[in-house]
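Chemist: Next comes my_file28.pdb, PDB, C-alpha atoms:
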```pdb
ATOM      1  CA  MET P   1      93.966 158.594 -52.693  1.00  0.00           C
ATOM      2  CA  THR P   2      96.832 160.038 -54.644  1.00  0.00           C
ATOM      3  CA  TYR P   3      97.580 163.654 -55.416  1.00  0.00           C
ATOM      4  CA  LYS P   4      98.252 164.106 -59.129  1.00  0.00           C
ATOM      5  CA  VAL P   5     100.491 166.698 -60.812  1.00  0.00           C
ATOM      6  CA  VAL P   6      98.509 169.438 -62.556  1.00  0.00           C
ATOM      7  CA  ARG P   7      99.946 170.242 -65.975  1.00  0.00           C
ATOM      8  CA  TYR P   8     100.644 173.878 -66.885  1.00  0.00           C
ATOM      9  CA  LEU P   9     100.043 175.924 -69.985  1.00  0.00           C
ATOM     10  CA  ASN P  10     102.442 175.062 -72.812  1.00  0.00           C
ATOM     11  CA  ASN P  11     101.903 171.377 -72.161  1.00  0.00           C
ATOM     12  CA  PRO P  12     100.577 170.406 -75.616  1.00  0.00           C
ATOM     13  CA  ASN P  13      98.236 167.802 -74.140  1.00  0.00           C
ATOM     14  CA  LEU P  14      96.119 170.575 -72.600  1.00  0.00           C
ATOM     15  CA  GLU P  15      95.142 171.881 -76.012  1.00  0.00           C
ATOM     16  CA  ARG P  16      93.855 168.690 -77.594  1.00  0.00           C
ATOM     17  CA  PRO P  17      90.375 167.211 -77.194  1.00  0.00           C
ATOM     18  CA  ALA P  18      89.935 164.372 -74.733  1.00  0.00           C
ATOM     19  CA  GLN P  19      88.557 160.949 -75.652  1.00  0.00           C
ATOM     20  CA  PRO P  20      85.183 159.717 -74.355  1.00  0.00           C
ATOM     21  CA  VAL P  21      85.141 157.381 -71.397  1.00  0.00           C
ATOM     22  CA  ALA P  22      84.264 153.950 -72.834  1.00  0.00           C
ATOM     23  CA  GLU P  23      81.325 151.843 -71.643  1.00  0.00           C
ATOM     24  CA  SER P  24      83.726 149.264 -70.199  1.00  0.00           C
ATOM     25  CA  GLU P  25      85.362 151.918 -67.981  1.00  0.00           C
ATOM     26  CA  PHE P  26      82.215 152.892 -66.039  1.00  0.00           C
ATOM     27  CA  ASP P  27      81.682 151.709 -62.473  1.00  0.00           C
ATOM     28  CA  THR P  28      85.165 150.224 -62.200  1.00  0.00           C
ATOM     29  CA  PRO P  29      87.487 150.560 -59.213  1.00  0.00           C
ATOM     30  CA  GLU P  30      89.949 152.381 -61.503  1.00  0.00           C
ATOM     31  CA  LEU P  31      87.411 155.049 -62.479  1.00  0.00           C
ATOM     32  CA  HIS P  32      86.247 155.556 -58.888  1.00  0.00           C
ATOM     33  CA  GLN P  33      89.881 155.875 -57.769  1.00  0.00           C
ATOM     34  CA  LEU P  34      90.624 158.394 -60.529  1.00  0.00           C
ATOM     35  CA  ILE P  35      87.635 160.499 -59.443  1.00  0.00           C
ATOM     36  CA  ALA P  36      88.750 160.402 -55.790  1.00  0.00           C
ATOM     37  CA  ASP P  37      92.293 161.360 -56.822  1.00  0.00           C
ATOM     38  CA  MET P  38      90.959 164.223 -58.935  1.00  0.00           C
ATOM     39  CA  PHE P  39      88.938 165.655 -56.026  1.00  0.00           C
ATOM     40  CA  GLU P  40      91.979 165.352 -53.734  1.00  0.00           C
ATOM     41  CA  THR P  41      94.192 167.095 -56.320  1.00  0.00           C
ATOM     42  CA  MET P  42      91.608 169.824 -56.906  1.00  0.00           C
ATOM     43  CA  TYR P  43      91.225 170.552 -53.173  1.00  0.00           C
ATOM     44  CA  ALA P  44      94.998 170.491 -52.575  1.00  0.00           C
ATOM     45  CA  SER P  45      95.409 172.983 -55.438  1.00  0.00           C
ATOM     46  CA  HIS P  46      92.606 175.204 -54.077  1.00  0.00           C
ATOM     47  CA  GLY P  47      90.495 174.830 -57.207  1.00  0.00           C
ATOM     48  CA  LEU P  48      86.781 174.611 -57.886  1.00  0.00           C
ATOM     49  CA  GLY P  49      87.102 172.179 -60.788  1.00  0.00           C
ATOM     50  CA  LEU P  50      89.556 169.843 -62.446  1.00  0.00           C
ATOM     51  CA  ALA P  51      89.392 168.155 -65.827  1.00  0.00           C
ATOM     52  CA  ALA P  52      91.171 164.854 -66.411  1.00  0.00           C
ATOM     53  CA  PRO P  53      93.406 166.273 -69.200  1.00  0.00           C
ATOM     54  CA  GLN P  54      94.916 168.634 -66.626  1.00  0.00           C
ATOM     55  CA  ILE P  55      96.494 165.590 -64.965  1.00  0.00           C
ATOM     56  CA  ASP P  56      97.461 163.894 -68.250  1.00  0.00           C
ATOM     57  CA  VAL P  57      94.431 161.611 -68.391  1.00  0.00           C
ATOM     58  CA  HIS P  58      92.882 162.287 -71.781  1.00  0.00           C
ATOM     59  CA  LYS P  59      89.346 161.277 -70.936  1.00  0.00           C
ATOM     60  CA  ARG P  60      86.150 163.364 -70.977  1.00  0.00           C
ATOM     61  CA  LEU P  61      85.837 163.479 -67.196  1.00  0.00           C
ATOM     62  CA  THR P  62      85.698 166.427 -64.851  1.00  0.00           C
ATOM     63  CA  VAL P  63      85.053 167.018 -61.159  1.00  0.00           C
ATOM     64  CA  ILE P  64      83.647 170.228 -59.708  1.00  0.00           C
ATOM     65  CA  ASP P  65      82.970 171.482 -56.191  1.00  0.00           C
ATOM     66  CA  THR P  66      82.090 175.160 -55.982  1.00  0.00           C
ATOM     67  CA  SER P  67      82.601 175.041 -52.202  1.00  0.00           C
ATOM     68  CA  GLY P  68      86.324 174.714 -52.924  1.00  0.00           C
ATOM     69  CA  GLY P  69      86.574 172.097 -50.192  1.00  0.00           C
ATOM     70  CA  GLU P  70      86.240 174.745 -47.476  1.00  0.00           C
ATOM     71  CA  PRO P  71      85.322 173.085 -44.155  1.00  0.00           C
ATOM     72  CA  ASP P  72      82.655 175.678 -43.267  1.00  0.00           C
ATOM     73  CA  VAL P  73      80.903 175.470 -46.666  1.00  0.00           C
ATOM     74  CA  GLU P  74      78.597 172.630 -47.664  1.00  0.00           C
ATOM     75  CA  PRO P  75      80.189 170.557 -50.459  1.00  0.00           C
ATOM     76  CA  ASN P  76      78.631 170.816 -53.906  1.00  0.00           C
ATOM     77  CA  LYS P  77      80.431 167.897 -55.570  1.00  0.00           C
ATOM     78  CA  VAL P  78      79.658 167.135 -59.205  1.00  0.00           C
ATOM     79  CA  VAL P  79      81.184 164.469 -61.452  1.00  0.00           C
ATOM     80  CA  ILE P  80      80.407 164.730 -65.141  1.00  0.00           C
ATOM     81  CA  ILE P  81      81.642 162.237 -67.697  1.00  0.00           C
ATOM     82  CA  ASN P  82      81.294 162.587 -71.478  1.00  0.00           C
ATOM     83  CA  PRO P  83      79.372 165.855 -70.998  1.00  0.00           C
ATOM     84  CA  GLU P  84      77.425 167.811 -73.561  1.00  0.00           C
ATOM     85  CA  ILE P  85      75.894 171.227 -72.907  1.00  0.00           C
ATOM     86  CA  ILE P  86      72.259 170.877 -73.962  1.00  0.00           C
ATOM     87  CA  HIS P  87      70.888 174.229 -72.798  1.00  0.00           C
ATOM     88  CA  LYS P  88      72.432 177.624 -72.172  1.00  0.00           C
ATOM     89  CA  GLU P  89      70.944 181.015 -71.490  1.00  0.00           C
ATOM     90  CA  GLY P  90      71.821 184.469 -70.264  1.00  0.00           C
ATOM     91  CA  LYS P  91      75.230 186.024 -69.940  1.00  0.00           C
ATOM     92  CA  GLN P  92      77.562 186.701 -67.058  1.00  0.00           C
ATOM     93  CA  THR P  93      81.023 188.160 -66.825  1.00  0.00           C
ATOM     94  CA  GLY P  94      83.311 187.203 -63.983  1.00  0.00           C
ATOM     95  CA  GLU P  95      86.871 186.570 -62.999  1.00  0.00           C
ATOM     96  CA  GLU P  96      88.305 183.157 -63.845  1.00  0.00           C
ATOM     97  CA  GLY P  97      91.549 181.464 -63.099  1.00  0.00           C
ATOM     98  CA  CYS P  98      92.834 178.015 -63.933  1.00  0.00           C
ATOM     99  CA  LEU P  99      94.914 175.451 -62.083  1.00  0.00           C
ATOM    100  CA  SER P 100      96.899 174.997 -65.318  1.00  0.00           C
ATOM    101  CA  ILE P 101      97.642 178.728 -65.503  1.00  0.00           C
ATOM    102  CA  PRO P 102      98.321 179.563 -61.835  1.00  0.00           C
ATOM    103  CA  GLY P 103      98.649 183.182 -60.813  1.00  0.00           C
ATOM    104  CA  PHE P 104      96.629 184.588 -63.709  1.00  0.00           C
ATOM    105  CA  ARG P 105      92.993 185.680 -63.437  1.00  0.00           C
ATOM    106  CA  GLU P 106      90.914 187.548 -66.012  1.00  0.00           C
ATOM    107  CA  GLU P 107      87.329 188.549 -66.688  1.00  0.00           C
ATOM    108  CA  VAL P 108      85.585 185.993 -68.931  1.00  0.00           C
ATOM    109  CA  ARG P 109      82.106 186.125 -70.410  1.00  0.00           C
ATOM    110  CA  ARG P 110      80.080 182.912 -70.082  1.00  0.00           C
ATOM    111  CA  HIS P 111      76.461 181.800 -70.084  1.00  0.00           C
ATOM    112  CA  LYS P 112      74.637 182.475 -66.812  1.00  0.00           C
ATOM    113  CA  ARG P 113      72.736 179.171 -66.774  1.00  0.00           C
ATOM    114  CA  VAL P 114      73.602 175.859 -68.395  1.00  0.00           C
ATOM    115  CA  THR P 115      72.297 172.316 -68.391  1.00  0.00           C
ATOM    116  CA  VAL P 116      74.674 169.467 -69.136  1.00  0.00           C
ATOM    117  CA  ARG P 117      73.794 165.910 -70.134  1.00  0.00           C
ATOM    118  CA  ALA P 118      76.501 163.514 -69.045  1.00  0.00           C
ATOM    119  CA  ARG P 119      77.142 160.199 -67.354  1.00  0.00           C
ATOM    120  CA  ASN P 120      77.938 159.619 -63.703  1.00  0.00           C
ATOM    121  CA  ALA P 121      80.624 157.217 -62.467  1.00  0.00           C
ATOM    122  CA  ARG P 122      78.176 154.301 -62.653  1.00  0.00           C
ATOM    123  CA  GLY P 123      77.492 155.132 -66.309  1.00  0.00           C
ATOM    124  CA  GLU P 124      73.964 156.431 -65.738  1.00  0.00           C
ATOM    125  CA  VAL P 125      72.790 159.318 -67.902  1.00  0.00           C
ATOM    126  CA  ILE P 126      72.307 162.441 -65.792  1.00  0.00           C
ATOM    127  CA  GLU P 127      71.420 166.072 -66.363  1.00  0.00           C
ATOM    128  CA  VAL P 128      73.069 168.720 -64.223  1.00  0.00           C
ATOM    129  CA  SER P 129      71.972 172.342 -64.264  1.00  0.00           C
ATOM    130  CA  GLY P 130      73.960 175.203 -62.872  1.00  0.00           C
ATOM    131  CA  GLU P 131      73.690 178.917 -62.512  1.00  0.00           C
ATOM    132  CA  ASP P 132      76.259 181.629 -61.867  1.00  0.00           C
ATOM    133  CA  LEU P 133      79.433 180.062 -60.375  1.00  0.00           C
ATOM    134  CA  MET P 134      78.375 176.457 -61.059  1.00  0.00           C
ATOM    135  CA  ALA P 135      77.496 177.336 -64.670  1.00  0.00           C
ATOM    136  CA  ARG P 136      80.848 179.086 -65.062  1.00  0.00           C
ATOM    137  CA  ALA P 137      82.725 176.093 -63.601  1.00  0.00           C
ATOM    138  CA  MET P 138      80.925 173.581 -65.820  1.00  0.00           C
ATOM    139  CA  GLN P 139      81.644 175.615 -68.966  1.00  0.00           C
ATOM    140  CA  HIS P 140      85.304 176.127 -67.973  1.00  0.00           C
ATOM    141  CA  GLU P 141      85.854 172.410 -67.305  1.00  0.00           C
ATOM    142  CA  ILE P 142      84.026 171.276 -70.454  1.00  0.00           C
ATOM    143  CA  ASP P 143      86.246 173.684 -72.404  1.00  0.00           C
ATOM    144  CA  HIS P 144      89.239 171.754 -70.989  1.00  0.00           C
ATOM    145  CA  LEU P 145      87.752 168.513 -72.304  1.00  0.00           C
ATOM    146  CA  ASN P 146      87.575 170.150 -75.735  1.00  0.00           C
ATOM    147  CA  GLY P 147      91.209 171.307 -75.572  1.00  0.00           C
ATOM    148  CA  VAL P 148      90.247 174.942 -74.945  1.00  0.00           C
ATOM    149  CA  LEU P 149      91.833 177.031 -72.188  1.00  0.00           C
ATOM    150  CA  PHE P 150      90.133 180.075 -70.681  1.00  0.00           C
ATOM    151  CA  LEU P 151      92.692 182.235 -72.482  1.00  0.00           C
ATOM    152  CA  ALA P 152      90.745 181.549 -75.701  1.00  0.00           C
ATOM    153  CA  HIS P 153      87.942 183.719 -74.275  1.00  0.00           C
ATOM    154  CA  LEU P 154      90.243 186.733 -73.856  1.00  0.00           C
ATOM    155  CA  SER P 155      91.181 189.387 -76.350  1.00  0.00           C
ATOM    156  CA  PRO P 156      94.271 188.593 -78.438  1.00  0.00           C
ATOM    157  CA  LEU P 157      96.153 191.369 -76.611  1.00  0.00           C
ATOM    158  CA  LYS P 158      95.379 190.024 -73.103  1.00  0.00           C
ATOM    159  CA  ARG P 159      96.190 186.498 -74.246  1.00  0.00           C
ATOM    160  CA  GLU P 160      99.577 187.616 -75.616  1.00  0.00           C
ATOM    161  CA  VAL P 161     100.421 189.589 -72.451  1.00  0.00           C
ATOM    162  CA  ILE P 162      99.811 186.482 -70.320  1.00  0.00           C
ATOM    163  CA  ARG P 163     101.804 184.231 -72.660  1.00  0.00           C
ATOM    164  CA  ARG P 164     104.678 186.748 -72.630  1.00  0.00           C
ATOM    165  CA  LYS P 165     104.689 186.822 -68.812  1.00  0.00           C
ATOM    166  CA  ILE P 166     104.709 183.009 -68.733  1.00  0.00           C
ATOM    167  CA  ARG P 167     107.659 182.858 -71.159  1.00  0.00           C
ATOM    168  CA  LYS P 168     109.513 185.234 -68.847  1.00  0.00           C
ATOM    169  CA  LEU P 169     108.713 182.988 -65.866  1.00  0.00           C
ATOM    170  CA  GLN P 170     109.911 179.957 -67.839  1.00  0.00           C
ATOM    171  CA  LYS P 171     113.241 181.634 -68.622  1.00  0.00           C
ATOM    172  CA  ALA P 172     113.639 182.404 -64.925  1.00  0.00           C
ATOM    173  CA  GLY P 173     112.945 178.728 -64.118  1.00  0.00           C
ATOM    174  CA  GLU P 174     109.740 179.608 -62.226  1.00  0.00           C
ATOM    175  CA  TRP P 175     107.308 177.864 -64.587  1.00  0.00           C
ATOM    176  CA  GLU P 176     107.058 174.196 -65.539  1.00  0.00           C
TER     177      GLU P 176
END
```
Take the structure in the file and write it out as structure tokens.

Modeler:
Amino acid sequence: MTYKVVRYLNNPNLERPAQPVAESEFDTPELHQLIADMFETMYASHGLGLAAPQIDVHKRLTVIDTSGGEPDVEPNKVVIINPEIIHKEGKQTGEEGCLSIPGFREEVRRHKRVTVRARNARGEVIEVSGEDLMARAMQHEIDHLNGVLFLAHLSPLKREVIRRKIRKLQKAGEWE
């Protein structure tokens, strides 16, 4: 497995929609390796999810594990490819962060329960339902696949404050 570099905000590739994984790409050694690399990168970065565009792979693929890879917590690994949210209900508000915007966390409103239709690594159609943290993670990662960062869910003022802080970090050479 290979740890990949997670791209940070201001990388223009993070804000463009990803392309679907093609039929010919399913159940290949390359896809399975990419998924393994994404889990390794996510765990090494202490994340709960990682979308392929965050590592400069512009495919509609994301991995999620709400256990965060903690050794004393049972893994809850999910791979969703070419996902589409087919059901959503309820509301929840909770703190979110992002591996592409490290050091910044804000309250974001999301649906409490979602069901996603997607494909697994073998190309089989699956439906995955999640509630609370899993629902939040699925929505956050699918946003990435659509070129949307969690900042888009914040007020314009909060968004600008974070962008201003990041520009300051960039000038100081502390941000990619």

Chemist: May I ask which of the residues P:Asp143, P:Glu124, P:Lys158, P:Lys165 is the closest one to Leu50 (chain P), counting all atoms listed in the file?

Modeler: P:Asp143

Chemist: Within 12 Å of (82.6, 174.2, -65.9), in the coordinates the file gives, what residues turn up when you count all atoms listed in the file, written out as a VMD selection string?

Modeler: chain P and resid 47 to 51 61 to 66 78 to 80 83 to 85 96 to 98 110 to 116 128 to 146 148 to 150

Chemist: Return the single residue from P:Lys171, P:Ile166, P:Arg122, P:Asp37 that is closest to Tyr8 (chain P), with distances computed using all atoms listed in the file.

Modeler: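 Among the listed residues, the smallest separation from Tyr8 (chain P) belongs to P:Ile166.
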
Chemist: Which residue gives the smallest distance to Ala18 (chain P) among P:Val5, P:Ala44, P:Val57, P:Leu34, with all atoms listed in the file counted?

Modeler: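 Of P:Val5, P:Ala44, P:Val57, P:Leu34, the one nearest Ala18 (chain P) is P:Val57, counting all atoms listed in the file.
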
Chemist: So the first atom is CA of His58 (chain P) and the second is CA of Glu70 (chain P); what is the distance between them in Å, to one decimal place?

Modeler: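 Separating CA of His58 (chain P) from CA of Glu70 (chain P) is a distance of 28.1 Å.
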
Chemist: Residues picked by the PyMOL selection byres ((chain P and resi 9) around 7) here, as a VMD selection string?

Modeler: chain P and resid 7 to 8 10 to 11 100 to 101

Chemist: To one decimal place in Å, what is the distance between CA of Phe104 (chain P) and CA of Arg167 (chain P)?

Modeler: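 Computing the Euclidean distance for CA of Phe104 (chain P) and CA of Arg167 (chain P) yields 13.4 Å.
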
Chemist: Hey, can you check how far CA of Phe39 (chain P) sits from CA of Ala52 (chain P)?

Modeler: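 Distance between the two atoms: 10.7 Å.
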
Chemist: Translate the PyMOL selection byres ((chain P and resi 118) around 6), as applied to the file shown, into an explicit residue set as a PDB file with C-alpha atoms, in the coordinates of the input.

Modeler:
```
ATOM      1  CA  ILE P  80      80.407 164.730 -65.141  1.00  0.00           C
ATOM      2  CA  ILE P  81      81.642 162.237 -67.697  1.00  0.00           C
ATOM      3  CA  ASN P  82      81.294 162.587 -71.478  1.00  0.00           C
ATOM      4  CA  PRO P  83      79.372 165.855 -70.998  1.00  0.00           C
ATOM      5  CA  ARG P 117      73.794 165.910 -70.134  1.00  0.00           C
ATOM      6  CA  ARG P 119      77.142 160.199 -67.354  1.00  0.00           C
ATOM      7  CA  VAL P 125      72.790 159.318 -67.902  1.00  0.00           C
ATOM      8  CA  ILE P 126      72.307 162.441 -65.792  1.00  0.00           C
TER       9      ILE P 126
END
```

Chemist: Please write the residues picked by the PyMOL selection byres ((chain P and resi 4) around 7) on this file as JSON, numbers by chain.

Modeler: {"P": [2, 3, 5, 6, 37, 41, 55]}

Chemist: Take the residues from that selection and write them out as a short mmCIF file (atom, residue, chain, number, x, y, z; two decimals), in the frame of the given file, keeping C-alpha atoms.

Modeler:
```cif
data_model
loop_
_atom_site.label_atom_id
_atom_site.label_comp_id
_atom_site.auth_asym_id
_atom_site.auth_seq_id
_atom_site.Cartn_x
_atom_site.Cartn_y
_atom_site.Cartn_z
CA THR P 2 96.83 160.04 -54.64
CA TYR P 3 97.58 163.65 -55.42
CA VAL P 5 100.49 166.70 -60.81
CA VAL P 6 98.51 169.44 -62.56
CA ASP P 37 92.29 161.36 -56.82
CA THR P 41 94.19 167.10 -56.32
CA ILE P 55 96.49 165.59 -64.96
#
```

Chemist: Using all atoms listed in the file, which of P:Leu99, P:Arg164, P:Gln54, P:Ala121 sits nearest Glu25 (chain P)?

Modeler: P:Ala121

Chemist: Could you tell me which of P:Asn120, P:Leu169, P:Leu151, P:Glu160 comes closest to His32 (chain P) if we count only C-alpha atoms?

Modeler: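 Checking each of P:Asn120, P:Leu169, P:Leu151, P:Glu160 against His32 (chain P), counting only C-alpha atoms, the winner is P:Asn120.
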
Chemist: Hey, which of P:Gly123, P:Pro156, P:Pro102, P:Pro53 ends up closest to Leu14 (chain P)? Count only C-alpha atoms.

Modeler: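 The answer is P:Pro53, which sits nearest to Leu14 (chain P).
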
Chemist: What's the 8 Å shell around His46 (chain P), counting all atoms listed in the file, without same-chain residues fewer than 4 positions away, as a list in words?

Modeler: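 These residues fall inside the cut-off: Met42, Gly68 and Gly69 of chain P.
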
Chemist: What would region 100-115 of chain P look like with N, CA, C and O atoms restored, written as a tab-separated table (two decimals), in the frame of the given file?

Modeler:
```
chain	number	residue	atom	x	y	z
P	100	SER	N	95.83	175.19	-64.34
P	100	SER	CA	96.90	175.00	-65.32
P	100	SER	C	97.57	176.30	-65.73
P	100	SER	O	98.54	176.28	-66.47
P	101	ILE	N	97.05	177.42	-65.22
P	101	ILE	CA	97.64	178.73	-65.50
P	101	ILE	C	97.66	179.50	-64.18
P	101	ILE	O	97.00	180.54	-64.03
P	102	PRO	N	98.38	178.97	-63.17
P	102	PRO	CA	98.32	179.56	-61.84
P	102	PRO	C	98.85	181.00	-61.82
P	102	PRO	O	99.79	181.35	-62.53
P	103	GLY	N	98.20	181.81	-60.99
P	103	GLY	CA	98.65	183.18	-60.81
P	103	GLY	C	98.05	184.17	-61.79
P	103	GLY	O	98.32	185.37	-61.70
P	104	PHE	N	97.24	183.71	-62.72
P	104	PHE	CA	96.63	184.59	-63.71
P	104	PHE	C	95.12	184.47	-63.62
P	104	PHE	O	94.57	183.36	-63.65
P	105	ARG	N	94.45	185.62	-63.49
P	105	ARG	CA	92.99	185.68	-63.44
P	105	ARG	C	92.54	186.80	-64.36
P	105	ARG	O	93.15	187.86	-64.39
P	106	GLU	N	91.45	186.55	-65.09
P	106	GLU	CA	90.91	187.55	-66.01
P	106	GLU	C	89.40	187.45	-66.07
P	106	GLU	O	88.82	186.40	-65.75
P	107	GLU	N	88.77	188.52	-66.49
P	107	GLU	CA	87.33	188.55	-66.69
P	107	GLU	C	86.99	187.75	-67.95
P	107	GLU	O	87.61	187.95	-68.99
P	108	VAL	N	86.02	186.84	-67.82
P	108	VAL	CA	85.58	185.99	-68.93
P	108	VAL	C	84.06	186.04	-69.00
P	108	VAL	O	83.39	185.97	-67.97
P	109	ARG	N	83.56	186.13	-70.20
P	109	ARG	CA	82.11	186.12	-70.41
P	109	ARG	C	81.65	184.69	-70.69
P	109	ARG	O	82.21	184.01	-71.56
P	110	ARG	N	80.64	184.26	-69.96
P	110	ARG	CA	80.08	182.91	-70.08
P	110	ARG	C	78.55	183.00	-70.03
P	110	ARG	O	77.99	184.04	-69.71
P	111	HIS	N	77.91	181.87	-70.26
P	111	HIS	CA	76.46	181.80	-70.08
P	111	HIS	C	76.14	181.77	-68.59
P	111	HIS	O	76.88	181.18	-67.80
P	112	LYS	N	75.04	182.39	-68.22
P	112	LYS	CA	74.64	182.48	-66.81
P	112	LYS	C	74.06	181.16	-66.29
P	112	LYS	O	74.26	180.80	-65.14
P	113	ARG	N	73.34	180.44	-67.15
P	113	ARG	CA	72.74	179.17	-66.77
P	113	ARG	C	73.03	178.14	-67.86
P	113	ARG	O	72.91	178.45	-69.05
P	114	VAL	N	73.39	176.95	-67.43
P	114	VAL	CA	73.60	175.86	-68.40
P	114	VAL	C	73.03	174.56	-67.83
P	114	VAL	O	72.93	174.39	-66.62
P	115	THR	N	72.68	173.68	-68.75
P	115	THR	CA	72.30	172.32	-68.39
P	115	THR	C	73.19	171.39	-69.21
P	115	THR	O	73.37	171.59	-70.41
```
